[in-house]
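Colleague: Got a structure for you, questions after.
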Amino acid sequence: MKTITHTDSAFIENIINSCDICFVGVVTATNSPYVIPMNFGYFDKTLYLHSSPEGRVIDCLNHNPNICVTFCQENKLVCQNPEVACSYRMKSTSVIAFGKVSFVNDIEEKRNALNIIMKHYSDKNFNFGDPALKNVKIWTVSIESIGCKEFGAPH
């Protein structure tokens, strides 16, 4: 089995849009890694995330706004020979993106970002009240670099 690197942006965006969660990696103030699963929205090469206004991940981002985001789909165990342990591998396709977080403070921009996030999960239209918008932290990530690999592809 082999690993294939994909560079086609439509293929990469299809992987991102097929995922329900992403894994966001940040760096703590003591330079330790911290990774959390998150819901997201993706539109026009920008990633939208949301969280509580305070907490460990916000402290990390205030210290260092650089993040790594991973998306992974399929995840199926495959093998070339069922009797040979070394021939087993996970078949999957992953996207790893790097960027810098910016926080959104404008109420209308927050509303727009939450609509982008919700469109990823539902065809419904939602209304967001001002109190809810004031109590959510909206992140935007303009992706600076991105890579995509398919693992476990047959030779």
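A note on labels: chains of the structure tokens are A, B, ... as shown, every chain counts residues from 1, and ligands are counted from 1 in their shown order.
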Quick one: DSSP strand (DSSP E or B) residues in chain A, as a PyMOL selection string?
Modeller: chain A and resi 2-6+22-27+33-38+41-43+46-51+66-79+88-104+137-153
Colleague: Write out as a count of residues only all residues of chain A that backbone DSSP assigns to alpha helix (DSSP H).
Modeller: 36
Colleague: Which one of A:Ile15, A:Ala29, A:Ile107, A:Ile21 sits closest to Lys149 (chain A) if you count only C-alpha atoms?
Modeller: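 With only C-alpha atoms as the atom set, the closest residue is A:Ile15.
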Colleague: Taking 5 positions as the minimum chain separation for residues in the same chain, which residues sit within 10 Å of Lys134 (chain A) when counting only C-alpha atoms? Answer as an MDAnalysis selection string.
Modeller: chainID A and resid 53 105:107 110 129
Colleague: With N, CA, C and O atoms retained, write the just-selected residues as a short mmCIF file (atom, residue, chain, number, x, y, z; two decimals), in the first residue's frame.
Modeller:
data_model
loop_
_atom_site.label_atom_id
_atom_site.label_comp_id
_atom_site.auth_asym_id
_atom_site.auth_seq_id
_atom_site.Cartn_x
_atom_site.Cartn_y
_atom_site.Cartn_z
N PRO A 53 -16.04 32.01 25.68
CA PRO A 53 -15.16 33.18 25.64
C PRO A 53 -13.90 33.03 26.49
O PRO A 53 -12.94 33.78 26.32
N ASN A 105 -15.32 40.14 16.95
CA ASN A 105 -16.02 40.84 18.03
C ASN A 105 -17.33 41.46 17.57
O ASN A 105 -18.24 41.65 18.37
N ASP A 106 -17.43 41.80 16.30
CA ASP A 106 -18.64 42.43 15.77
C ASP A 106 -19.81 41.45 15.80
O ASP A 106 -19.68 40.30 15.35
N ILE A 107 -20.95 41.88 16.33
CA ILE A 107 -22.13 41.02 16.50
C ILE A 107 -22.61 40.45 15.17
O ILE A 107 -22.92 39.27 15.06
N LYS A 110 -20.25 37.83 13.94
CA LYS A 110 -20.44 36.60 14.72
C LYS A 110 -21.65 35.83 14.20
O LYS A 110 -21.60 34.61 14.04
N GLY A 129 -29.72 35.27 19.03
CA GLY A 129 -30.00 36.47 19.80
C GLY A 129 -28.71 37.15 20.25
O GLY A 129 -27.67 36.51 20.41
#
Colleague: What does the distance from CA of Met38 (chain A) to CA of Asn75 (chain A) come to in Å, to one decimal?
Modeller: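 Interatomic distance here is 18.3 Å.
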Colleague: Extract, using only C-alpha atoms, all DNA, RNA and protein residues at most 12 Å from Thr46 (chain A), discarding same-chain residues fewer than 4 positions from it, and format them as a PDB file with all heavy atoms, in the first residue's frame.
Modeller:
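Here's the written file out.pdb:
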ATOM      1  N   GLU A  13     -10.876  20.458  -0.414  1.00  0.00           N
ATOM      2  CA  GLU A  13     -12.087  21.046   0.163  1.00  0.00           C
ATOM      3  C   GLU A  13     -13.188  20.007   0.331  1.00  0.00           C
ATOM      4  O   GLU A  13     -13.961  20.074   1.283  1.00  0.00           O
ATOM      5  CB  GLU A  13     -12.553  22.240  -0.664  1.00  0.00           C
ATOM      6  CG  GLU A  13     -11.631  23.431  -0.490  1.00  0.00           C
ATOM      7  CD  GLU A  13     -12.109  24.686  -1.185  1.00  0.00           C
ATOM      8  OE1 GLU A  13     -13.165  24.666  -1.859  1.00  0.00           O
ATOM      9  OE2 GLU A  13     -11.416  25.713  -1.035  1.00  0.00           O
ATOM     10  N   ILE A  16     -12.432  18.278   3.613  1.00  0.00           N
ATOM     11  CA  ILE A  16     -12.817  19.149   4.732  1.00  0.00           C
ATOM     12  C   ILE A  16     -14.325  19.133   4.915  1.00  0.00           C
ATOM     13  O   ILE A  16     -14.831  18.931   6.027  1.00  0.00           O
ATOM     14  CB  ILE A  16     -12.307  20.589   4.509  1.00  0.00           C
ATOM     15  CG1 ILE A  16     -10.772  20.627   4.585  1.00  0.00           C
ATOM     16  CG2 ILE A  16     -12.934  21.552   5.527  1.00  0.00           C
ATOM     17  CD1 ILE A  16     -10.154  21.939   4.148  1.00  0.00           C
ATOM     18  N   PHE A  40     -17.025  22.934  13.216  1.00  0.00           N
ATOM     19  CA  PHE A  40     -16.462  24.002  12.388  1.00  0.00           C
ATOM     20  C   PHE A  40     -17.370  24.318  11.216  1.00  0.00           C
ATOM     21  O   PHE A  40     -18.299  23.580  10.898  1.00  0.00           O
ATOM     22  CB  PHE A  40     -15.073  23.592  11.865  1.00  0.00           C
ATOM     23  CG  PHE A  40     -15.139  22.462  10.864  1.00  0.00           C
ATOM     24  CD1 PHE A  40     -15.179  22.725   9.504  1.00  0.00           C
ATOM     25  CD2 PHE A  40     -15.179  21.144  11.275  1.00  0.00           C
ATOM     26  CE1 PHE A  40     -15.267  21.696   8.576  1.00  0.00           C
ATOM     27  CE2 PHE A  40     -15.260  20.100  10.362  1.00  0.00           C
ATOM     28  CZ  PHE A  40     -15.301  20.377   9.006  1.00  0.00           C
ATOM     29  N   GLY A  41     -17.059  25.402  10.574  1.00  0.00           N
ATOM     30  CA  GLY A  41     -17.627  25.760   9.282  1.00  0.00           C
ATOM     31  C   GLY A  41     -16.471  26.149   8.378  1.00  0.00           C
ATOM     32  O   GLY A  41     -15.416  26.569   8.846  1.00  0.00           O
ATOM     33  N   TYR A  42     -16.657  25.988   7.095  1.00  0.00           N
ATOM     34  CA  TYR A  42     -15.595  26.311   6.129  1.00  0.00           C
ATOM     35  C   TYR A  42     -16.227  27.014   4.951  1.00  0.00           C
ATOM     36  O   TYR A  42     -17.194  26.519   4.362  1.00  0.00           O
ATOM     37  CB  TYR A  42     -14.888  25.028   5.687  1.00  0.00           C
ATOM     38  CG  TYR A  42     -13.774  25.250   4.716  1.00  0.00           C
ATOM     39  CD1 TYR A  42     -12.539  25.721   5.138  1.00  0.00           C
ATOM     40  CD2 TYR A  42     -13.943  24.996   3.363  1.00  0.00           C
ATOM     41  CE1 TYR A  42     -11.494  25.932   4.248  1.00  0.00           C
ATOM     42  CE2 TYR A  42     -12.914  25.194   2.456  1.00  0.00           C
ATOM     43  CZ  TYR A  42     -11.692  25.660   2.903  1.00  0.00           C
ATOM     44  OH  TYR A  42     -10.668  25.868   2.022  1.00  0.00           O
ATOM     45  N   ALA A  97      -3.975  21.628   8.076  1.00  0.00           N
ATOM     46  CA  ALA A  97      -3.904  23.047   7.724  1.00  0.00           C
ATOM     47  C   ALA A  97      -3.258  23.833   8.853  1.00  0.00           C
ATOM     48  O   ALA A  97      -3.440  23.517  10.033  1.00  0.00           O
ATOM     49  CB  ALA A  97      -5.306  23.587   7.448  1.00  0.00           C
ATOM     50  N   PHE A  98      -2.527  24.864   8.477  1.00  0.00           N
ATOM     51  CA  PHE A  98      -1.893  25.752   9.444  1.00  0.00           C
ATOM     52  C   PHE A  98      -2.395  27.167   9.205  1.00  0.00           C
ATOM     53  O   PHE A  98      -2.604  27.582   8.066  1.00  0.00           O
ATOM     54  CB  PHE A  98      -0.365  25.721   9.286  1.00  0.00           C
ATOM     55  CG  PHE A  98       0.239  24.380   9.584  1.00  0.00           C
ATOM     56  CD1 PHE A  98       0.376  23.435   8.588  1.00  0.00           C
ATOM     57  CD2 PHE A  98       0.640  24.064  10.868  1.00  0.00           C
ATOM     58  CE1 PHE A  98       0.929  22.190   8.857  1.00  0.00           C
ATOM     59  CE2 PHE A  98       1.187  22.819  11.144  1.00  0.00           C
ATOM     60  CZ  PHE A  98       1.340  21.880  10.140  1.00  0.00           C
ATOM     61  N   GLY A  99      -2.576  27.889  10.284  1.00  0.00           N
ATOM     62  CA  GLY A  99      -3.017  29.270  10.165  1.00  0.00           C
ATOM     63  C   GLY A  99      -2.926  29.990  11.489  1.00  0.00           C
ATOM     64  O   GLY A  99      -2.400  29.460  12.476  1.00  0.00           O
ATOM     65  N   LYS A 100      -3.453  31.187  11.488  1.00  0.00           N
ATOM     66  CA  LYS A 100      -3.418  32.032  12.666  1.00  0.00           C
ATOM     67  C   LYS A 100      -4.854  32.420  13.002  1.00  0.00           C
ATOM     68  O   LYS A 100      -5.611  32.829  12.128  1.00  0.00           O
ATOM     69  CB  LYS A 100      -2.582  33.274  12.370  1.00  0.00           C
ATOM     70  CG  LYS A 100      -2.135  34.056  13.578  1.00  0.00           C
ATOM     71  CD  LYS A 100      -1.161  35.153  13.183  1.00  0.00           C
ATOM     72  CE  LYS A 100       0.071  34.614  12.548  1.00  0.00           C
ATOM     73  NZ  LYS A 100       1.299  34.573  13.177  1.00  0.00           N
ATOM     74  N   VAL A 101      -5.217  32.302  14.273  1.00  0.00           N
ATOM     75  CA  VAL A 101      -6.571  32.626  14.727  1.00  0.00           C
ATOM     76  C   VAL A 101      -6.731  34.123  14.909  1.00  0.00           C
ATOM     77  O   VAL A 101      -5.868  34.793  15.473  1.00  0.00           O
ATOM     78  CB  VAL A 101      -6.885  31.909  16.058  1.00  0.00           C
ATOM     79  CG1 VAL A 101      -8.188  32.405  16.657  1.00  0.00           C
ATOM     80  CG2 VAL A 101      -6.934  30.411  15.857  1.00  0.00           C
ATOM     81  N   SER A 102      -7.853  34.617  14.414  1.00  0.00           N
ATOM     82  CA  SER A 102      -8.322  35.973  14.724  1.00  0.00           C
ATOM     83  C   SER A 102      -9.679  35.819  15.381  1.00  0.00           C
ATOM     84  O   SER A 102     -10.475  34.970  14.981  1.00  0.00           O
ATOM     85  CB  SER A 102      -8.468  36.806  13.456  1.00  0.00           C
ATOM     86  OG  SER A 102      -7.232  36.980  12.834  1.00  0.00           O
ATOM     87  N   ALA A 113     -20.745  34.151  10.997  1.00  0.00           N
ATOM     88  CA  ALA A 113     -19.855  33.009  11.237  1.00  0.00           C
ATOM     89  C   ALA A 113     -20.623  31.811  11.788  1.00  0.00           C
ATOM     90  O   ALA A 113     -20.410  30.669  11.355  1.00  0.00           O
ATOM     91  CB  ALA A 113     -18.741  33.407  12.195  1.00  0.00           C
ATOM     92  N   ILE A 116     -22.433  30.123   9.045  1.00  0.00           N
ATOM     93  CA  ILE A 116     -21.519  29.303   8.241  1.00  0.00           C
ATOM     94  C   ILE A 116     -21.256  27.982   8.945  1.00  0.00           C
ATOM     95  O   ILE A 116     -21.279  26.912   8.314  1.00  0.00           O
ATOM     96  CB  ILE A 116     -20.210  30.070   7.945  1.00  0.00           C
ATOM     97  CG1 ILE A 116     -20.496  31.224   6.974  1.00  0.00           C
ATOM     98  CG2 ILE A 116     -19.131  29.131   7.405  1.00  0.00           C
ATOM     99  CD1 ILE A 116     -19.346  32.198   6.804  1.00  0.00           C
ATOM    100  N   ILE A 117     -21.038  28.022  10.257  1.00  0.00           N
ATOM    101  CA  ILE A 117     -20.814  26.792  11.017  1.00  0.00           C
ATOM    102  C   ILE A 117     -22.044  25.894  10.940  1.00  0.00           C
ATOM    103  O   ILE A 117     -21.950  24.698  10.659  1.00  0.00           O
ATOM    104  CB  ILE A 117     -20.441  27.114  12.482  1.00  0.00           C
ATOM    105  CG1 ILE A 117     -19.064  27.780  12.539  1.00  0.00           C
ATOM    106  CG2 ILE A 117     -20.468  25.840  13.339  1.00  0.00           C
ATOM    107  CD1 ILE A 117     -18.707  28.384  13.891  1.00  0.00           C
ATOM    108  N   TRP A 139     -13.884  32.289  16.229  1.00  0.00           N
ATOM    109  CA  TRP A 139     -12.535  32.285  15.677  1.00  0.00           C
ATOM    110  C   TRP A 139     -12.626  32.230  14.152  1.00  0.00           C
ATOM    111  O   TRP A 139     -13.439  31.495  13.614  1.00  0.00           O
ATOM    112  CB  TRP A 139     -11.750  31.086  16.092  1.00  0.00           C
ATOM    113  CG  TRP A 139     -11.852  30.535  17.465  1.00  0.00           C
ATOM    114  CD1 TRP A 139     -12.648  30.928  18.502  1.00  0.00           C
ATOM    115  CD2 TRP A 139     -11.102  29.431  17.950  1.00  0.00           C
ATOM    116  NE1 TRP A 139     -12.432  30.146  19.592  1.00  0.00           N
ATOM    117  CE2 TRP A 139     -11.484  29.210  19.281  1.00  0.00           C
ATOM    118  CE3 TRP A 139     -10.146  28.608  17.376  1.00  0.00           C
ATOM    119  CZ2 TRP A 139     -10.932  28.194  20.051  1.00  0.00           C
ATOM    120  CZ3 TRP A 139      -9.596  27.594  18.146  1.00  0.00           C
ATOM    121  CH2 TRP A 139      -9.976  27.404  19.474  1.00  0.00           C
ATOM    122  N   THR A 140     -11.775  32.949  13.482  1.00  0.00           N
ATOM    123  CA  THR A 140     -11.595  32.739  12.044  1.00  0.00           C
ATOM    124  C   THR A 140     -10.135  32.366  11.820  1.00  0.00           C
ATOM    125  O   THR A 140      -9.244  32.851  12.520  1.00  0.00           O
ATOM    126  CB  THR A 140     -11.948  33.985  11.200  1.00  0.00           C
ATOM    127  OG1 THR A 140     -11.103  35.068  11.564  1.00  0.00           O
ATOM    128  CG2 THR A 140     -13.403  34.377  11.392  1.00  0.00           C
ATOM    129  N   VAL A 141      -9.939  31.482  10.870  1.00  0.00           N
ATOM    130  CA  VAL A 141      -8.587  31.050  10.529  1.00  0.00           C
ATOM    131  C   VAL A 141      -8.445  31.143   9.020  1.00  0.00           C
ATOM    132  O   VAL A 141      -9.086  30.396   8.280  1.00  0.00           O
ATOM    133  CB  VAL A 141      -8.311  29.594  10.988  1.00  0.00           C
ATOM    134  CG1 VAL A 141      -6.878  29.205  10.656  1.00  0.00           C
ATOM    135  CG2 VAL A 141      -8.606  29.422  12.465  1.00  0.00           C
ATOM    136  N   SER A 142      -7.643  32.082   8.567  1.00  0.00           N
ATOM    137  CA  SER A 142      -7.265  32.119   7.160  1.00  0.00           C
ATOM    138  C   SER A 142      -6.122  31.124   7.009  1.00  0.00           C
ATOM    139  O   SER A 142      -5.080  31.260   7.656  1.00  0.00           O
ATOM    140  CB  SER A 142      -6.812  33.514   6.744  1.00  0.00           C
ATOM    141  OG  SER A 142      -7.892  34.403   6.818  1.00  0.00           O
ATOM    142  N   ILE A 143      -6.345  30.124   6.194  1.00  0.00           N
ATOM    143  CA  ILE A 143      -5.374  29.036   6.078  1.00  0.00           C
ATOM    144  C   ILE A 143      -4.139  29.522   5.331  1.00  0.00           C
ATOM    145  O   ILE A 143      -4.225  30.034   4.217  1.00  0.00           O
ATOM    146  CB  ILE A 143      -6.027  27.820   5.403  1.00  0.00           C
ATOM    147  CG1 ILE A 143      -7.141  27.304   6.321  1.00  0.00           C
ATOM    148  CG2 ILE A 143      -5.001  26.747   5.106  1.00  0.00           C
ATOM    149  CD1 ILE A 143      -7.995  26.222   5.732  1.00  0.00           C
ATOM    150  N   GLU A 144      -2.983  29.372   5.989  1.00  0.00           N
ATOM    151  CA  GLU A 144      -1.709  29.814   5.418  1.00  0.00           C
ATOM    152  C   GLU A 144      -1.028  28.719   4.606  1.00  0.00           C
ATOM    153  O   GLU A 144      -0.381  28.993   3.610  1.00  0.00           O
ATOM    154  CB  GLU A 144      -0.787  30.308   6.534  1.00  0.00           C
ATOM    155  CG  GLU A 144      -1.343  31.540   7.247  1.00  0.00           C
ATOM    156  CD  GLU A 144      -0.568  31.914   8.499  1.00  0.00           C
ATOM    157  OE1 GLU A 144       0.395  31.210   8.876  1.00  0.00           O
ATOM    158  OE2 GLU A 144      -0.947  32.923   9.115  1.00  0.00           O
ATOM    159  N   SER A 145      -1.165  27.471   5.062  1.00  0.00           N
ATOM    160  CA  SER A 145      -0.638  26.340   4.298  1.00  0.00           C
ATOM    161  C   SER A 145      -1.505  25.124   4.592  1.00  0.00           C
ATOM    162  O   SER A 145      -2.105  25.018   5.663  1.00  0.00           O
ATOM    163  CB  SER A 145       0.830  26.062   4.627  1.00  0.00           C
ATOM    164  OG  SER A 145       0.977  25.621   5.951  1.00  0.00           O
ATOM    165  N   ILE A 146      -1.545  24.217   3.602  1.00  0.00           N
ATOM    166  CA  ILE A 146      -2.438  23.062   3.726  1.00  0.00           C
ATOM    167  C   ILE A 146      -1.822  21.886   2.975  1.00  0.00           C
ATOM    168  O   ILE A 146      -1.152  22.072   1.952  1.00  0.00           O
ATOM    169  CB  ILE A 146      -3.846  23.408   3.189  1.00  0.00           C
ATOM    170  CG1 ILE A 146      -4.877  22.397   3.644  1.00  0.00           C
ATOM    171  CG2 ILE A 146      -3.845  23.611   1.690  1.00  0.00           C
ATOM    172  CD1 ILE A 146      -6.302  22.881   3.504  1.00  0.00           C
TER     173      ILE A 146
END
Colleague: How many Å lie between CA of Pro33 (chain A) and CA of Glu150 (chain A), rounded to one decimal?
Modeller: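 Straight-line distance from CA of Pro33 (chain A) to CA of Glu150 (chain A) works out to 24.8 Å.
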Colleague: Please determine, counting only C-alpha atoms, which residue among A:Ile36, A:Leu47, A:Val26, A:Leu133 has the shortest atom-to-atom distance to Cys68 (chain A).
Modeller: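 That would be A:Val26, the residue with the smallest distance to Cys68 (chain A).
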Colleague: With only C-alpha atoms as the basis for distance, which of A:Phe71, A:Phe11, A:Phe103, A:Phe43 is at the shortest distance from Ile58 (chain A)?
Modeller: A:Phe103
Colleague: Could you list, as a CSV table (one decimal) with N, CA, C and O atoms, in the first residue's frame, every residue within 10 Å of Thr28 (chain A), counting only C-alpha atoms and ignoring same-chain residues fewer than 6 positions away?
Modeller:
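Output below, filename part38.csv:
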chain,number,residue,atom,x,y,z
A,34,TYR,N,-1.6,21.1,22.9
A,34,TYR,CA,-3.0,20.9,23.4
A,34,TYR,C,-3.9,20.8,22.2
A,34,TYR,O,-3.9,21.7,21.4
A,56,ARG,N,-9.0,27.3,28.8
A,56,ARG,CA,-7.6,26.9,28.5
A,56,ARG,C,-7.2,27.2,27.0
A,56,ARG,O,-6.1,27.7,26.8
A,57,VAL,N,-8.1,26.8,26.1
A,57,VAL,CA,-7.7,27.0,24.7
A,57,VAL,C,-7.6,28.5,24.4
A,57,VAL,O,-6.7,28.9,23.6
A,58,ILE,N,-8.5,29.3,24.9
A,58,ILE,CA,-8.4,30.8,24.7
A,58,ILE,C,-7.1,31.3,25.3
A,58,ILE,O,-6.5,32.2,24.7
A,59,ASP,N,-6.8,30.9,26.5
A,59,ASP,CA,-5.5,31.3,27.1
A,59,ASP,C,-4.3,30.9,26.2
A,59,ASP,O,-3.4,31.8,26.0
A,60,CYS,N,-4.4,29.7,25.6
A,60,CYS,CA,-3.3,29.3,24.7
A,60,CYS,C,-3.3,30.3,23.5
A,60,CYS,O,-2.2,30.7,23.0
A,61,LEU,N,-4.4,30.5,22.9
A,61,LEU,CA,-4.5,31.4,21.7
A,61,LEU,C,-4.1,32.8,22.0
A,61,LEU,O,-3.5,33.5,21.1
A,62,ASN,N,-4.4,33.3,23.1
A,62,ASN,CA,-3.9,34.7,23.5
A,62,ASN,C,-2.4,34.7,23.6
A,62,ASN,O,-1.8,35.8,23.3
A,63,HIS,N,-1.8,33.6,24.0
A,63,HIS,CA,-0.4,33.5,24.1
A,63,HIS,C,0.3,33.3,22.7
A,63,HIS,O,1.3,33.9,22.5
A,64,ASN,N,-0.4,32.5,21.9
A,64,ASN,CA,0.2,32.2,20.6
A,64,ASN,C,-1.0,31.8,19.6
A,64,ASN,O,-1.6,30.8,19.8
Colleague: Would you kindly return, as JSON, numbers by chain, each protein, DNA or RNA residue with an atom no farther than 12 Å from any atom of Asn14 (chain A), considering only C-alpha atoms and excluding same-chain residues fewer than 6 positions away?
Modeller: {"A": [6, 8, 42, 43, 71, 72, 73, 93, 94, 95, 148]}
Colleague: Convert the current residue selection to file output with C-alpha atoms, as a PDB file, in the first residue's frame.
Modeller:
ATOM      1  CA  HIS A   6      -3.117  15.383  -3.128  1.00  0.00           C
ATOM      2  CA  ASP A   8      -6.023  19.667  -5.993  1.00  0.00           C
ATOM      3  CA  TYR A  42     -15.595  26.311   6.129  1.00  0.00           C
ATOM      4  CA  PHE A  43     -16.239  28.948   3.501  1.00  0.00           C
ATOM      5  CA  PHE A  71      -9.439  16.710   9.274  1.00  0.00           C
ATOM      6  CA  CYS A  72      -9.616  12.967   8.663  1.00  0.00           C
ATOM      7  CA  GLN A  73     -12.127  10.828   6.784  1.00  0.00           C
ATOM      8  CA  THR A  93      -7.458  10.632   3.856  1.00  0.00           C
ATOM      9  CA  SER A  94      -6.375  13.560   5.971  1.00  0.00           C
ATOM     10  CA  VAL A  95      -5.948  17.278   5.566  1.00  0.00           C
ATOM     11  CA  CYS A 148      -3.552  16.375   2.040  1.00  0.00           C
TER      12      CYS A 148
END
Colleague: Between A:Ser51, A:Asp130, A:Val84, A:Ser92, which has the minimum distance to Gly152 (chain A) (counting only C-alpha atoms)?
Modeller: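 Between A:Ser51, A:Asp130, A:Val84, A:Ser92, the residue approaching Gly152 (chain A) most closely is A:Ser92.
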